[in-house]
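Undergrad: Let me begin by handing over the structure; questions about it come next.
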Amino acid sequence: MPSVQDWINNPLGVVDGAFAQNNSGAEWEKKVVEYFKEKLKVNGAQSWVPSLNDVPLHYLKPNSLVKFRCMIQDMFDPEFFMGVYETVDSSTNSKVLRCGKYKDVTDCGQVDFNSRNAVTSERQTFYCVPIPGESQWVKEISFHQARVVPSTSYTPNRHKRSYEEDDEMDTQAQCHCANSHRNVESKRLETEAPSQNNSPSRCSSNLDLNFPLPGEQGPACLVKVYEGWDGFKLNDMLEVFGILSVDPALSLMADDKEASSLLDPTESMETVEEQRAHSPPASLVPRIHMLYAQPLKHNNPLLPSAVSEDKGACRFLSGVLSELTSVRSELLTYLTHIFLGDSLAAEYLILHLISSVYARRDVLPLGKFTLNVSGCPHSSPYTDQLYQIIQQLVPSSYQICMSLHNMNNQRMVPRKDYTANRLVSGTLQLASNTSLFLDETQLEQGQLDATGVRNITALGNLISWQKVDYDFNYHQMEFPCNINVLIVSEGRSLLPSDCQVHLRPALSPPNLEEYLKTVQLAQASSQLNKYRVYFTVARSLDYNISDQITKAVEEDFVEMRKDDPQSVSAEDLHRMLIVARLLSLSYGQTSLSRENWIKAKQMEMMRISRTQQQKCVNGNEP
Amino acid sequence: MSSPSSSARKRARSSNPPTPASEDPLSLSPRPREPSTGELQPMPTSPGTDMQSPAIQDTSLFSSPVQLPFDFLSEVDMSSPLIYDTPSRGTPARQRPDLGSVRKAPQVDLNSEPVSGGSHFIKSSNCLQSKIFGLYAKRFLQRFIDPSSREDENACLDLNEPLYMQKLDEISVVGDPVLNVNCGHIQTFDADLYRQLICYPQEVIPTFDMAVNELFFDRYPDSVLEHQIQVRPYNALKTRNMRSLNPEDIDQLITISGMVIRTSQLIPEMQEAFFRCQVCAFSTRVEVDRGRIAEPAVCRNCNTTHSMALVHNRSVFSDKQMIKLQESPEDMPAGQTPHTTVVYAHNDLVDKVQPGDRVNITGVFYPNEPVLCSLHKSVRGKSGIYRAAPMRVNPRQSQVKSVYKTHIDAIHFRKTDERRLHGLEEENEQKLFTEERVSMLKELAAKPDVYDRLSSALAPSIYEHEDIKKGILLQLFGGTRKDFSQTGRGNFRAEINILLCGDPGTSKSQLLQYVYNLVPRGQYTSGKGSSAVGLTAYVMKDPETRQLVLQTGALVLSDNGICCIDEFDKMSDSTRSVLHEVMEQQTLSIAKAGIICQLNARTSILAAANPVESQWNPKKTTIENIQLPHTLLSRFDLIFLMLDPQDEAYDRRLAHHLVSLYYQSEDQVEEEYLDMAVLKDYIAYARTYINPRLCEEASQALIEAYVDMRKIGSGRGMVSAYPRQLESLIRLAEAHAKVRFSDKVETIDVEEAKRLHREALKQSATDPRTGFVDISILTTGMSATARKRKEEVAQALKKLIQSKGKMPAMKYQQLFDDLRGQSEAAITKDMFDEALRALTDEDYLTVTGKTVRLL
């Protein structure tokens with residue numbers, strides 16, 4: 001791969017070359033983008049590009065091509081820059097035209113600002129953070145899929161093995177070595193580059209990288225977008241391919257600016273806070289000049305990232321589909337064990353984990369399936385362990401302990417900070433299909449203050465309408481989201497939910513903790529990988545209902561209402577249709593069959609009777 | 001200005017040898033009173049060439065696109081002294097920092113071509129041209145008449161006289177030397193002039209200034225003004241949206257709308273520096289040129305080098321303020337964050353706007369400096385005060401951050417919500433409809449089934465409930481606002497209030513959410529969570545200024561909009577009592593912390609309430625079911641019940657509808673229903689432009705309807721309609737006329753209003769015991785039969801007590817049992833209590849604890 005060296009190591013050379021070839025027309029810009037797109041299309045080419053997620057920043061070569069898997073956390077104002085400028089060589093007085101695209105800083109020579117050949121262009125800056133709540137296994141696997149990259153000075157000696165052939169063959173072994181490597185890696189980081197290790201205390205004292213979730217790691221990045229920025233939305237997941245810029249001049253300027261702003265307030269329009277938020281030191285927040293970005297539907301590294309027309313991907317997908325049913329039954333057994341023998345709860349958990357908002361009809365989000373698992377033992381590590389198990393299955397997740405302290409103090413709703421002119425993130429700023437685990441067993445009696453009430457309202461809105469109203473101080477702005485909310489509670493949750501399942505354990509192991517650990521350990525990691533693929537695939541399937549089944553469902557509904565109109569309302573039908581939809585998808589079927597409809601009905605009936613019984617037992621439950 | 005010709009001009013000009021200009025009388029600066037722009041001293045970095053090339057030599061000028069009409073040229077007396085001399089008669093000129101005289105960007109080297117923009121006005125090199133524009137400008141000011149003016153500030157002007165001459169009149173009276181000029185007027189009058197103004201505001205506005213001052217001081221030679229009149233153009237249609245600002249707008253006049261989010265403190269900006277020689281005390285003044293002061297190195301008097309020191313308190317400063325403007329939420333595409341822009345306000349525009357204001361700003365869009373300060377080694381001024389410290393360029397540093405910051409120098413502010421404060425008739429902010437949009441809407445309105453179409457477009461995901469949707473649709477349009485303040489009645493309510501009650505889970509909340517998302521000024525609150533304060537207004541101490549500030553609540557915020565209140569029944573009584581005033585008088589009175597005021601709350605209320613027993617009890621009346629005070633209920637024009645109809649055909653349709661939600665794709669749905677955006681525009685258009693009035697026939701029909709309603713009840717000895725119901729009918733009929741885009745309320749409107757009103761009544765005011773519609777359920781909280789029954793029970797009880805002979809006291813429980821035993825109908829405890837109360841009121845007996853005493 002000799003050519004790879006060039007376009008990965010020195011992409012600016014390619015850009016400048018194209019610019020020099022036809023400096024008059026505007027086509028060169030398109031050509032450059034096309035060139036890189038073509039290069040990246042080559043089989044496996046994307047994995048040659050070093051990823052900012054995996055390789056520490058100081059190992060990456062400045063001005064080389066990198067990729068970054070991230071979520072857009074904030075969008076800054078568009079900025080004007082010198083697209084084309086002329087430099088004067090002071091010794092010879094000759095003028096040279098240069099291109100300023102994909103660069104932060106002009107190179108060599110005195111810039112002639114009055115040149116008539118100069119072109120001002122516009123670009124947009126996005127503040128991107130690693131996908132919030134990304135599970136550890138995602139990071140490990142994607143780390144290992146990355147090939148040894150010639151362009152980095154980072155050549156870890158442990159990459160002796162070849163991963164070229166088959167990744168899945170020895171995932172087990174990989175995972176193990178990944179673990180050990182991770183440890184080594186993190187130790188090295190601690191000693192070598194403390195700035196990379198964002199321990200929260202350090203972060204807050206120095207620079208707030210504005211991660212949505214507390215305790216997150218990884219680099220944040222300023223992504224400069226040159227075209228089509230209207231197509232991106234806040235909270236989009238992207239894989240960005242671009243030119244890394246960590247010119248120390250950027251930070252130097254920032255320092256200087258701060259000093260001079262003391263001198264003359266009219267010179268700087270920005271406050272110190274704004275300066276800090278918008279031009280942080282490049283060593284902490286690198287700049288990426290985007291050449292190409294791939295929107296991510298999911299961040300599961302076990303699957304090809306885009307549902308592409310690629311043949312390999314198709315073959316892979318059909319392979320997964322064929323064994324979907326068997327994987328499902330294994331998964332069901334596993335989850336049943338986790339739920340202490342309650343298979344109904346396990347069924348519902350599967351449905352919940354593959355649910356996703358697929359459409360919105362005016363204000364109504366369709367396809368969401370918020371699950372409330374009630375009857376969880378209080379004050380035991382059960383809920384924590386349940387979360388850990390879910391974390392192992394889904395690519396991104398987050399747990400909110402609904403303790404009074406947390407509810408009153410956590411910043412959930414993102415808020416616009418006008419002094420720093422940025423969107424201060426909150427825990428509800430999550431990428432789509434993130435699993436949000438609300439632990440209501442932690443809630444105790446006490447008073448919610450204003451923040452607490454706002455947080456509860458925000459959670460309620462999130463669950464019912466799948467939207468978060470971001471606080472822009474003078475007004476609120478509604479951002480639709482797609483978050484799977486799972487609530488675990490003792491009794492019925494105080495938050496609304498689409499469906500409540502009361503846990504009914506069939507067995508009570510003497511040592512719950514031990515029991516769950518053994519169940520977990522029994523799952524081979526190849527097995528876990530199968531589950532992970534299963535969830536992502538099942539979620540992305542299409543679905544429809546044939547006319548015939550529509551008729552049958554109508555009949556059924558009329559029939560049910562005839563017996564007892566109070567028993568089944570429109571809302572119940574809604575829920576049954578969702579359950580039926582998810583049930584079909586969980587078997588890999590893309591249209592509703594009679595059996596599944598009946599099964600969905602039965603499941604619902606069982607669930608409802610269970611909650612009603614629970615009511616009788618408790619008596620005073622509303 | 002078209003680019004080919006301008007580039008041709010450019011070429012021609014650059015080939016011209018630069019000529020020293022000072023000797024040539026014709027090359028006098030066109031703006032003698034604007035010295036900072038006109039007499040720029042060449043920067044030390046660009047010495048040599050002079051920008052002022054005489055007009056005679058520059059023959060290529062006449063190839064400029066502004067072809068002067070011949071007769072006009074002949075009118076121009078080139079030697080007229082007027083043109084060269086601004087007849088200021090001693091009135092001092094005032095610098096216009098808003099026109100960039102303090103511009104810092106070093107590329108404003110007037111000699112070479114500017115970096116951006118491409119085509120450019122011949123910068124002050126051509127005084128002839130600016131003279132001609134001056135004449136154009138004058139002609140515009142003298143002759144422009146706008147007979148169809150609708151702006152509020154032109155309210156008292158004669159529309160058939162030249163508009164701006166009248167404004168000059170005003171200036172002479174008021175003495176405020178600012179003339180606001182609507183760019184739209186210029187465009188209709190002279191498109192060419194408009195184009196020049198937009199593209200070269202820095203040159204054209206000063207010529208306007210000159211023209212105005214000439215005109216003004218010709219007419220009113222004796223007026224005394226603070227300074228010369230400044231022209232402030234506004235409403236430049238170049239750019240509306242902040243998002244669409246792009247490099248091509250640099251240096252052009254633009255108008256953008258947005259919301260002020262932050263204002264800086266006042267920044268004194270040096271305009272003129274005062275230097276004094278420390279050796280001989282000789283003093284000199286130096287103009288600030290593009291933010292820099294050329295500090296005199298040598299004293300001209302005593303020839304000492306480096307002896308000049310800056311004297312701050314004799315230097316001249318002007319006010320400056322930085323304002324951050326954010327895109328207004330309406331202009332933004334979904335899923336993106338708003339953009340912000342920096343605006344500088346100068347002189348009297350400082351502190352004109354506050355954070356939170358919605359404004360239209362007209363100004364010139366500038367790039368700041370492409371070179372960041374890091375290039376210059378900043379040197380503190382000798383005196384150590386931070387202002388206007390001279391910057392020196394460090395030529396050795398070669399790397400430059402290649403980003404420009406941009407800002408807008410504000411020339412004119414216009415608050416968009418100002419009209420609301422005046423309480424003018426036009427309620428909606430001027431929403432601009434394009435021609436096609438309007439014709440599209442009109443076409444839609446002409447369709448016979450527009451009413452049904454619109455109502456089915458409303459919340460299509462909610463099934464059926466056609467009448468409720470129709471009611472809400474009429475609410476969205478509202479009635480016509482009438483003013484009877486002269487006759488002492490005040491404003492008639494034009495807003496329609498609707499209450500939805502019914503079983504939980506009948507998508508009431510969803511309807512509310514939909515409406516809230518549809519209307520521009522909607523508020524959504526839940527009765528459970530909102531307090532009286534949250535609904536009305538509260539007084540707060542501003543943490544920064546320590547002033548008391550009135551913070552408005554949901555009802556005030558939804559003035560001219562719809563306030564959606566969910567869980568209306570869960571509201572506390574004190575909160576609900578606030579609504580009484582709002583729902584009829586449409587105002588809110590506040591007496592809090594020394595602030596006593598009345599705020600407008602012309603809001604429609606859409607409320608949803610659940611029955612007390614969680615399930616609707618068909619055996620009870622509406623009042624009994626939702627337990628709301630009847631005083632409040634009677635203020636709702638329409639009360640709908642959203643019940644689960646237990647009907648097979650309905651179930652089937654519902655099931656079909658729901659199932660289809662789960663497999664239809666988005667596009668399929670869009671074909672079926674009207675777009676939400678169209679619906680929004682339709683409503684906005686109708687609300688703004690359509691004000692239907694009752695025609696003769698319609699009023700007759702209304703009278704009949706009202707009389708009929710009264711008649712129905714009177715047959716059974718009850719009243720079934722009150723004037724409030726008549727008012728509701730009128731409002732509904734007007735709203736229906738608005739739906740049809742009709743300026744007249746006709747009989748069909750009345751028919752529909754009647755039908756809808758009857759439907760709602762049928763649902764909510766039917767006496768469950770008799771099956772008749774009984775309006776007194778809503779107005780007095782009790783049906784007439786119930787009242788009759790109450791009386792009967794009381795009489796029976798009285799009889800019972802009398803039959804017992806003279807017993808001074810009786811046991812409560814025993815009396816109850818006796819009465820129950822005697823009566824044929826079942827008597828509940830409530831009824832018994834009520835009967836006792838009735839007898840107490842008659843002073844027949846008293847109840848103390850468990851005993852009943854006769855009096």
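All residue names refer to the structure tokens as shown: chains lettered A, B, ... in order, residues numbered from 1 in each chain, ligands numbered from 1 in order.
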For Leu495 of chain A, work out the shell of residues within 8 Å, counting only C-alpha atoms and skipping chain neighbours fewer than 3 positions away, then give it as a list in words.

TA: Ile456, Leu459 and Gly460 of chain A

Undergrad: Might you pull out every residue within 6 Å of segment 76-93 of chain A, with only C-alpha atoms counted and same-chain residues fewer than 5 positions away left off, and present them as a PyMOL selection string?

TA: (chain A and resi 98-101+109-112+118-126) or (chain B and resi 339+402-404)

Undergrad: With N, CA, C and O atoms retained, could you export that selection as a CSV table (one decimal), in the first residue's frame?

TA:
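After the write, result12.csv holds the following:
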```csv
chain,number,residue,atom,x,y,z
A,98,ARG,N,-2.4,30.7,-2.4
A,98,ARG,CA,-2.4,29.5,-1.6
A,98,ARG,C,-3.9,29.2,-1.2
A,98,ARG,O,-4.7,30.1,-1.2
A,99,CYS,N,-4.1,28.0,-0.8
A,99,CYS,CA,-5.4,27.6,-0.5
A,99,CYS,C,-5.5,27.5,1.0
A,99,CYS,O,-4.6,26.9,1.7
A,100,GLY,N,-6.6,28.0,1.6
A,100,GLY,CA,-6.7,28.0,3.0
A,100,GLY,C,-7.7,27.0,3.5
A,100,GLY,O,-8.0,26.9,4.7
A,101,LYS,N,-8.2,26.2,2.6
A,101,LYS,CA,-9.2,25.2,3.0
A,101,LYS,C,-8.5,24.1,3.8
A,101,LYS,O,-7.3,23.8,3.5
A,109,GLY,N,5.2,33.0,4.8
A,109,GLY,CA,5.2,34.3,4.0
A,109,GLY,C,4.2,35.2,4.6
A,109,GLY,O,3.3,34.9,5.3
A,110,GLN,N,4.4,36.5,4.2
A,110,GLN,CA,3.5,37.5,4.7
A,110,GLN,C,2.2,37.5,3.8
A,110,GLN,O,2.3,37.4,2.6
A,111,VAL,N,1.1,37.5,4.5
A,111,VAL,CA,-0.2,37.4,3.8
A,111,VAL,C,-0.5,38.8,3.3
A,111,VAL,O,-0.5,39.8,4.0
A,112,ASP,N,-0.9,38.8,2.0
A,112,ASP,CA,-1.3,40.1,1.5
A,112,ASP,C,-2.8,40.1,1.6
A,112,ASP,O,-3.6,39.5,0.9
A,118,ALA,N,-7.9,37.1,-3.4
A,118,ALA,CA,-8.3,36.4,-2.2
A,118,ALA,C,-9.8,36.1,-2.3
A,118,ALA,O,-10.6,36.8,-2.8
A,119,VAL,N,-10.2,34.9,-1.7
A,119,VAL,CA,-11.6,34.5,-1.7
A,119,VAL,C,-11.9,34.2,-0.2
A,119,VAL,O,-11.2,33.5,0.4
A,120,THR,N,-13.0,34.8,0.2
A,120,THR,CA,-13.5,34.5,1.5
A,120,THR,C,-14.5,33.4,1.5
A,120,THR,O,-15.4,33.4,0.6
A,121,SER,N,-14.3,32.4,2.2
A,121,SER,CA,-15.2,31.3,2.2
A,121,SER,C,-15.8,31.1,3.6
A,121,SER,O,-15.3,31.7,4.6
A,122,GLU,N,-16.7,30.2,3.7
A,122,GLU,CA,-17.5,30.0,4.9
A,122,GLU,C,-17.4,28.5,5.3
A,122,GLU,O,-17.4,27.6,4.5
A,123,ARG,N,-17.2,28.3,6.6
A,123,ARG,CA,-17.3,26.9,7.1
A,123,ARG,C,-18.0,26.9,8.4
A,123,ARG,O,-18.1,28.0,9.1
A,124,GLN,N,-18.4,25.8,8.8
A,124,GLN,CA,-19.1,25.6,10.1
A,124,GLN,C,-18.3,24.8,11.0
A,124,GLN,O,-17.7,23.9,10.6
A,125,THR,N,-18.4,25.1,12.3
A,125,THR,CA,-17.7,24.3,13.3
A,125,THR,C,-18.7,23.5,14.2
A,125,THR,O,-19.7,24.1,14.7
A,126,PHE,N,-18.5,22.3,14.3
A,126,PHE,CA,-19.3,21.5,15.3
A,126,PHE,C,-18.4,21.0,16.4
A,126,PHE,O,-17.2,20.7,16.2
B,339,HIS,N,-27.8,30.3,15.5
B,339,HIS,CA,-26.6,31.0,15.3
B,339,HIS,C,-26.6,32.3,16.0
B,339,HIS,O,-27.7,32.9,16.3
B,402,SER,N,-6.4,31.9,10.0
B,402,SER,CA,-7.1,32.3,8.7
B,402,SER,C,-8.6,32.5,8.9
B,402,SER,O,-9.3,32.4,8.0
B,403,VAL,N,-9.0,32.8,10.1
B,403,VAL,CA,-10.4,33.0,10.3
B,403,VAL,C,-10.8,34.5,10.5
B,403,VAL,O,-10.1,35.2,11.2
B,404,TYR,N,-11.8,34.9,9.8
B,404,TYR,CA,-12.3,36.2,10.1
B,404,TYR,C,-13.4,36.2,11.1
B,404,TYR,O,-14.2,35.3,11.1
```

Undergrad: Identify which of the residues B:Pro233, B:Gly134, B:Gly184, B:Gly335 lies closest to chain A, counting only C-alpha atoms when measuring atom-to-atom distances.

TA: B:Gly335

Undergrad: Counting only C-alpha atoms, what is within 12 Å of Asn691 of chain B, bar same-chain residues fewer than 5 positions away, as a list of chain:residue names?

TA: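 Counting only the stated atoms, we get B:Glu425, B:Glu426, B:Glu427, B:Phe477, B:Gly478, B:Gly479, B:Thr480, B:Arg481, B:Lys482, B:Ala494, B:Tyr685, B:Ala686, B:Arg731, B:Ala733, B:Glu734, B:Ala735, B:His736, B:Ala737, B:Lys738, B:Val739, B:Arg740, B:Phe741, B:Ser742, B:Asp743, B:Lys744, B:Val745.
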
Undergrad: Can I get the selection written as an mmCIF file, in the first residue's frame, with C-alpha atoms?

TA:
```cif
data_model
loop_
_atom_site.group_PDB
_atom_site.id
_atom_site.type_symbol
_atom_site.label_atom_id
_atom_site.label_comp_id
_atom_site.auth_asym_id
_atom_site.auth_seq_id
_atom_site.Cartn_x
_atom_site.Cartn_y
_atom_site.Cartn_z
ATOM 1 C CA GLU B 425 -55.361 45.836 16.255
ATOM 2 C CA GLU B 426 -52.882 43.900 14.174
ATOM 3 C CA GLU B 427 -51.985 41.161 16.494
ATOM 4 C CA PHE B 477 -59.150 31.163 14.188
ATOM 5 C CA GLY B 478 -60.965 33.077 16.911
ATOM 6 C CA GLY B 479 -63.705 35.633 16.561
ATOM 7 C CA THR B 480 -63.449 39.247 15.512
ATOM 8 C CA ARG B 481 -62.149 41.622 18.082
ATOM 9 C CA LYS B 482 -64.648 44.343 18.837
ATOM 10 C CA ALA B 494 -62.969 37.361 20.707
ATOM 11 C CA TYR B 685 -53.156 34.555 7.380
ATOM 12 C CA ALA B 686 -56.778 34.394 8.410
ATOM 13 C CA ARG B 731 -67.810 34.187 18.090
ATOM 14 C CA ALA B 733 -69.950 32.126 13.551
ATOM 15 C CA GLU B 734 -67.220 34.709 13.048
ATOM 16 C CA ALA B 735 -64.529 32.103 13.363
ATOM 17 C CA HIS B 736 -66.275 29.971 10.802
ATOM 18 C CA ALA B 737 -66.404 32.911 8.433
ATOM 19 C CA LYS B 738 -62.682 33.342 8.952
ATOM 20 C CA VAL B 739 -62.132 29.748 7.984
ATOM 21 C CA ARG B 740 -63.800 30.563 4.670
ATOM 22 C CA PHE B 741 -61.688 33.739 4.299
ATOM 23 C CA SER B 742 -64.937 35.648 4.136
ATOM 24 C CA ASP B 743 -65.326 39.198 5.337
ATOM 25 C CA LYS B 744 -68.984 38.670 6.038
ATOM 26 C CA VAL B 745 -70.603 36.370 8.509
#
```

Undergrad: Can you tell me, as a ChimeraX atom specification, which residues in segment 313-527 of chain A count as alpha helix (DSSP H) by DSSP?

TA: /A:313-322,324-338,343-354,382-393,404-409,450-465,512-522,525-527

Undergrad: Find the residue from A:Leu97, A:Ile545, A:Val533, A:Met576 that sits nearest to Arg116 of chain A; use only C-alpha atoms when measuring.

TA: A:Leu97

Undergrad: I want to know what sits within 8 Å of Ser396 of chain A, based on only C-alpha atoms, with residues of the same chain fewer than 6 positions away left out; could you give that as a list in words?

TA: Ile131, Pro132, Gly133, Glu134, Ser135, Asn299, Asn433, Thr434 and Ser435 of chain A

Undergrad: Residues within 6 Å of segment 51-56 of chain A, please, as a list in words. Count only C-alpha atoms; anything in the same chain fewer than 5 positions from it doesn't count.

TA: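 Contacts, in chain order: Val66, Lys67, Phe68 and Phe143 of chain A.
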